[in-house]
Amino acid sequence: VLGPGYRIELIEVESVTRFAALAGREIDLLLYGDTHTMERDFHEKGTGVGFQFTDPYFYDGLRFAGVPSAVKCADSYNWLGDCSDLKICLMAGSTHQDFLSTKFPPRKLVLTSTHDEYLRDFVAGRCSVIAGEQNLIATTVVRDAGFAGEYAYGTRTLTKEPLAMVTRKDDPNWSDVSNWVLRALIHAEKHNITSENAEMEIPGHEIFHA
């Protein structure tokens with residue numbers, strides 16, 4: 001896994017099927033910005049099995065962004081009257097869907113399978129608001145996707161999302177290694193350790209051997 005002979009294959013997955021891909025051994029590590037919940041620890045609803053989560057590597061929360069007038073409607077959970085045209089794009093199979101499906105009728109939610117599709121739908125006008133964490137709804141991301149209109153963020157953070165990597169529970173050693181690597185990367189960033197200076201900063205600490 002680590003060392004001079006390591007090889008990583010990156011496989012793109014969709015939001016709805018990502019946990020099934022992990023459970024079905026199509027992938028060994030899910031790095032999708034997944035929220036760690038107690039339910040997913042024991043019974044992820046799409047697969048019926050539990051998963052192992054690393055330490056959170058980022059804390060974020062669900063927010064709205066998009067056409068300013070529509071964002072105000074979304075922030076107030078209003079889809080009536082002047083807000084009757086409100087449509088919200090969000091990722092299917094996410095904790096965002098779980099939360100927003102309790103606040104809006106299904107016809108107001110536009111579910112997408114990938115981040116690219118999510119942005120295309122917003123740019124094409126199939127929704128006036130996008131819902132997600134900051135990295136998904138950042139202005140630079142939306143502009144790069146081709147949206148040129150007025151753009152604003154909502155004023156509320158609606159959820160708290162501890163984002164983590166995910167592994168299966170049938171290989172605790174692999175889960176431990178994944179978490180160790182994450183902790184090492186966080187430690188390295190904190191202490192300005194890079195691949196160029198690692199041997200000088202931490203000499204003789206070869207933890208993994210061939």
# chains A, B, ... in the order shown; residues from 1 in each chain; ligands from 1
$ residues_around --residues "stretch 21-37 of chain A" --least-positions-apart "6" --cutoff "10 Å" --atoms "only C-alpha atoms" --output "PyMOL selection string"
chain A and resi 9-15+44+47-61+94-96+133+135+160-171+174-175+178
$ write_last_selection --atoms "C-alpha atoms" --output "PDB file, in the first residue's frame"
ATOM      1  CA  GLU A   9      -6.383   3.409  -8.901  1.00  0.00           C
ATOM      2  CA  LEU A  10      -8.891   6.261  -8.759  1.00  0.00           C
ATOM      3  CA  ILE A  11     -12.448   5.196  -9.601  1.00  0.00           C
ATOM      4  CA  GLU A  12     -15.235   7.724 -10.039  1.00  0.00           C
ATOM      5  CA  VAL A  13     -18.470   6.867  -8.225  1.00  0.00           C
ATOM      6  CA  GLU A  14     -21.910   8.454  -8.138  1.00  0.00           C
ATOM      7  CA  SER A  15     -23.558   9.835  -5.026  1.00  0.00           C
ATOM      8  CA  GLU A  44     -26.349   2.759   5.913  1.00  0.00           C
ATOM      9  CA  THR A  47     -26.818  -0.952   1.502  1.00  0.00           C
ATOM     10  CA  GLY A  48     -28.136  -2.153   4.840  1.00  0.00           C
ATOM     11  CA  VAL A  49     -24.627  -2.516   6.283  1.00  0.00           C
ATOM     12  CA  GLY A  50     -22.394  -0.415   8.507  1.00  0.00           C
ATOM     13  CA  PHE A  51     -19.113   1.232   7.564  1.00  0.00           C
ATOM     14  CA  GLN A  52     -15.943   2.379   9.286  1.00  0.00           C
ATOM     15  CA  PHE A  53     -15.138   6.102   9.261  1.00  0.00           C
ATOM     16  CA  THR A  54     -11.796   7.785   9.795  1.00  0.00           C
ATOM     17  CA  ASP A  55     -11.338  10.817  11.987  1.00  0.00           C
ATOM     18  CA  PRO A  56     -13.064  13.815  10.406  1.00  0.00           C
ATOM     19  CA  TYR A  57     -10.712  15.739   8.135  1.00  0.00           C
ATOM     20  CA  PHE A  58     -13.053  18.700   7.696  1.00  0.00           C
ATOM     21  CA  TYR A  59     -16.099  20.132   9.446  1.00  0.00           C
ATOM     22  CA  ASP A  60     -18.655  21.942   7.329  1.00  0.00           C
ATOM     23  CA  GLY A  61     -22.383  22.432   7.074  1.00  0.00           C
ATOM     24  CA  SER A  94     -26.753  12.479   0.824  1.00  0.00           C
ATOM     25  CA  THR A  95     -27.467  13.729   4.312  1.00  0.00           C
ATOM     26  CA  HIS A  96     -28.500  16.945   2.556  1.00  0.00           C
ATOM     27  CA  GLU A 133     -21.065  22.408   1.784  1.00  0.00           C
ATOM     28  CA  ASN A 135     -16.524  23.615  -1.248  1.00  0.00           C
ATOM     29  CA  LYS A 160     -23.118  20.239  11.034  1.00  0.00           C
ATOM     30  CA  GLU A 161     -21.224  17.800   8.809  1.00  0.00           C
ATOM     31  CA  PRO A 162     -18.086  15.974  10.024  1.00  0.00           C
ATOM     32  CA  LEU A 163     -16.563  14.814   6.726  1.00  0.00           C
ATOM     33  CA  ALA A 164     -14.471  11.650   6.737  1.00  0.00           C
ATOM     34  CA  MET A 165     -13.050   8.855   4.606  1.00  0.00           C
ATOM     35  CA  VAL A 166     -14.921   5.535   4.660  1.00  0.00           C
ATOM     36  CA  THR A 167     -13.828   1.885   4.597  1.00  0.00           C
ATOM     37  CA  ARG A 168     -15.532  -1.480   5.083  1.00  0.00           C
ATOM     38  CA  LYS A 169     -15.665  -3.029   8.540  1.00  0.00           C
ATOM     39  CA  ASP A 170     -14.354  -6.427   7.402  1.00  0.00           C
ATOM     40  CA  ASP A 171     -10.710  -5.297   7.316  1.00  0.00           C
ATOM     41  CA  TRP A 174      -6.879  -1.429   6.428  1.00  0.00           C
ATOM     42  CA  SER A 175      -9.236   0.926   8.255  1.00  0.00           C
ATOM     43  CA  SER A 178      -6.280   4.686   6.336  1.00  0.00           C
TER      44      SER A 178
END
$ residues_around --residues "stretch 138-144 of chain A" --least-positions-apart "3" --cutoff "12 Å" --atoms "only C-alpha atoms" --output "list in words"
Arg63, Phe64, Ala65, Gly66, Val67, His115, Asp116, Tyr118, Leu119, Arg120, Asp121, Phe122, Val123, Ala124, Val129, Ile130, Ala131, Gly132, Glu133, Gln134, Asn135, Phe147, Ala148, Gly149, Glu150, Tyr151, Ala152, Tyr153 and Gly154 of chain A
$ select_by_dssp --residues "stretch 51-200 of chain A" --states "alpha helix (DSSP H)" --output "VMD selection string"
chain A and resid 68 to 75 95 to 100 115 to 123 134 to 137 139 to 144 172 to 190 198 to 200
$ closest_residue --among "A:His191, A:Lys103, A:Arg156, A:His43" --to "A:Phe19" --atoms "only C-alpha atoms"
A:His43
$ atom_distance --atom1 "atom CA of A:Asp82" --atom2 "atom CA of A:Ser113"
29.3 Å
$ atom_distance --atom1 "atom CA of A:Gly93" --atom2 "atom CA of A:Phe42"
16.6 Å
$ residues_around --residues "A:Trp79" --least-positions-apart "4" --cutoff "10 Å" --atoms "only C-alpha atoms" --output "PyMOL selection string"
chain A and resi 70+73-74+83-87+104-105+108
$ write_last_selection --atoms "C-alpha atoms" --output "compact mmCIF listing (two decimals), in the first residue's frame"
# COMPACT_ATOMS: atom_id res chain seq x y z
CA ALA A 70 -34.38 32.38 -4.55
CA CYS A 73 -36.80 31.87 -0.16
CA ALA A 74 -34.80 28.72 0.53
CA CYS A 83 -41.24 31.81 -3.98
CA SER A 84 -43.34 29.37 -5.99
CA ASP A 85 -40.64 29.03 -8.70
CA LEU A 86 -38.04 27.82 -6.18
CA LYS A 87 -36.11 24.69 -7.20
CA PHE A 104 -39.55 21.02 1.18
CA PRO A 105 -41.96 18.97 -0.97
CA LYS A 108 -38.93 21.40 -5.18
$ atom_distance --atom1 "atom CA of A:Val16" --atom2 "atom CA of A:Arg40"
14.2 Å
$ select_by_dssp --residues "stretch 15-102 of chain A" --states "strand (DSSP E)" --output "list in words"
Leu30, Leu31, Tyr32, Gly33, Asp34, Thr35, Gln52, Phe53, Phe58, Tyr59, Asp60, Arg63, Phe64, Ala65, Gly66, Ile88, Cys89, Leu90 and Met91 of chain A
$ write_last_selection --atoms "N, CA, C and O atoms" --output "mmCIF file, in the first residue's frame"
data_model
loop_
_atom_site.group_PDB
_atom_site.id
_atom_site.type_symbol
_atom_site.label_atom_id
_atom_site.label_comp_id
_atom_site.auth_asym_id
_atom_site.auth_seq_id
_atom_site.Cartn_x
_atom_site.Cartn_y
_atom_site.Cartn_z
ATOM 1 N N LEU A 30 -13.479 5.121 0.316
ATOM 2 C CA LEU A 30 -14.398 6.109 -0.234
ATOM 3 C C LEU A 30 -13.977 7.488 0.244
ATOM 4 O O LEU A 30 -14.005 7.780 1.442
ATOM 5 N N LEU A 31 -13.577 8.321 -0.693
ATOM 6 C CA LEU A 31 -13.159 9.690 -0.391
ATOM 7 C C LEU A 31 -14.061 10.629 -1.186
ATOM 8 O O LEU A 31 -13.719 11.090 -2.265
ATOM 9 N N TYR A 32 -15.247 10.886 -0.632
ATOM 10 C CA TYR A 32 -16.285 11.609 -1.355
ATOM 11 C C TYR A 32 -16.801 12.802 -0.545
ATOM 12 O O TYR A 32 -17.760 13.433 -0.917
ATOM 13 N N GLY A 33 -16.139 13.057 0.593
ATOM 14 C CA GLY A 33 -16.660 14.092 1.478
ATOM 15 C C GLY A 33 -17.902 13.615 2.192
ATOM 16 O O GLY A 33 -18.908 14.324 2.255
ATOM 17 N N ASP A 34 -17.831 12.393 2.744
ATOM 18 C CA ASP A 34 -19.021 11.786 3.356
ATOM 19 C C ASP A 34 -19.162 12.172 4.822
ATOM 20 O O ASP A 34 -18.196 12.163 5.587
ATOM 21 N N THR A 35 -20.384 12.466 5.210
ATOM 22 C CA THR A 35 -20.687 12.819 6.586
ATOM 23 C C THR A 35 -20.743 11.572 7.453
ATOM 24 O O THR A 35 -21.407 10.593 7.120
ATOM 25 N N GLN A 52 -16.929 1.812 8.371
ATOM 26 C CA GLN A 52 -15.943 2.379 9.286
ATOM 27 C C GLN A 52 -15.517 3.752 8.769
ATOM 28 O O GLN A 52 -15.177 3.892 7.586
ATOM 29 N N PHE A 53 -15.512 4.744 9.639
ATOM 30 C CA PHE A 53 -15.138 6.102 9.261
ATOM 31 C C PHE A 53 -13.825 6.491 9.936
ATOM 32 O O PHE A 53 -13.570 6.129 11.080
ATOM 33 N N PHE A 58 -12.508 17.365 7.957
ATOM 34 C CA PHE A 58 -13.053 18.700 7.696
ATOM 35 C C PHE A 58 -14.437 18.769 8.323
ATOM 36 O O PHE A 58 -15.193 17.791 8.296
ATOM 37 N N TYR A 59 -14.756 19.899 8.918
ATOM 38 C CA TYR A 59 -16.099 20.132 9.446
ATOM 39 C C TYR A 59 -16.753 21.240 8.619
ATOM 40 O O TYR A 59 -16.175 22.307 8.431
ATOM 41 N N ASP A 60 -17.941 20.963 8.141
ATOM 42 C CA ASP A 60 -18.655 21.942 7.329
ATOM 43 C C ASP A 60 -20.132 21.830 7.646
ATOM 44 O O ASP A 60 -20.528 21.133 8.593
ATOM 45 N N ARG A 63 -25.475 24.640 3.353
ATOM 46 C CA ARG A 63 -25.906 26.011 3.107
ATOM 47 C C ARG A 63 -26.530 26.096 1.723
ATOM 48 O O ARG A 63 -26.348 25.210 0.883
ATOM 49 N N PHE A 64 -27.246 27.178 1.506
ATOM 50 C CA PHE A 64 -27.812 27.466 0.188
ATOM 51 C C PHE A 64 -26.977 28.545 -0.503
ATOM 52 O O PHE A 64 -26.370 29.397 0.132
ATOM 53 N N ALA A 65 -26.997 28.497 -1.834
ATOM 54 C CA ALA A 65 -26.418 29.565 -2.646
ATOM 55 C C ALA A 65 -27.121 29.550 -3.988
ATOM 56 O O ALA A 65 -27.735 28.558 -4.379
ATOM 57 N N GLY A 66 -27.022 30.675 -4.719
ATOM 58 C CA GLY A 66 -27.652 30.730 -6.028
ATOM 59 C C GLY A 66 -28.199 32.106 -6.339
ATOM 60 O O GLY A 66 -27.636 33.127 -5.910
ATOM 61 N N ILE A 88 -34.416 23.529 -5.920
ATOM 62 C CA ILE A 88 -33.126 23.380 -5.243
ATOM 63 C C ILE A 88 -32.402 22.147 -5.782
ATOM 64 O O ILE A 88 -32.933 21.038 -5.737
ATOM 65 N N CYS A 89 -31.185 22.328 -6.274
ATOM 66 C CA CYS A 89 -30.359 21.207 -6.720
ATOM 67 C C CYS A 89 -29.531 20.693 -5.540
ATOM 68 O O CYS A 89 -28.942 21.475 -4.792
ATOM 69 N N LEU A 90 -29.470 19.376 -5.405
ATOM 70 C CA LEU A 90 -28.670 18.763 -4.353
ATOM 71 C C LEU A 90 -28.292 17.353 -4.757
ATOM 72 O O LEU A 90 -28.852 16.790 -5.704
ATOM 73 N N MET A 91 -27.322 16.792 -4.040
ATOM 74 C CA MET A 91 -26.817 15.468 -4.358
ATOM 75 C C MET A 91 -27.751 14.404 -3.788
ATOM 76 O O MET A 91 -28.106 14.430 -2.601
#
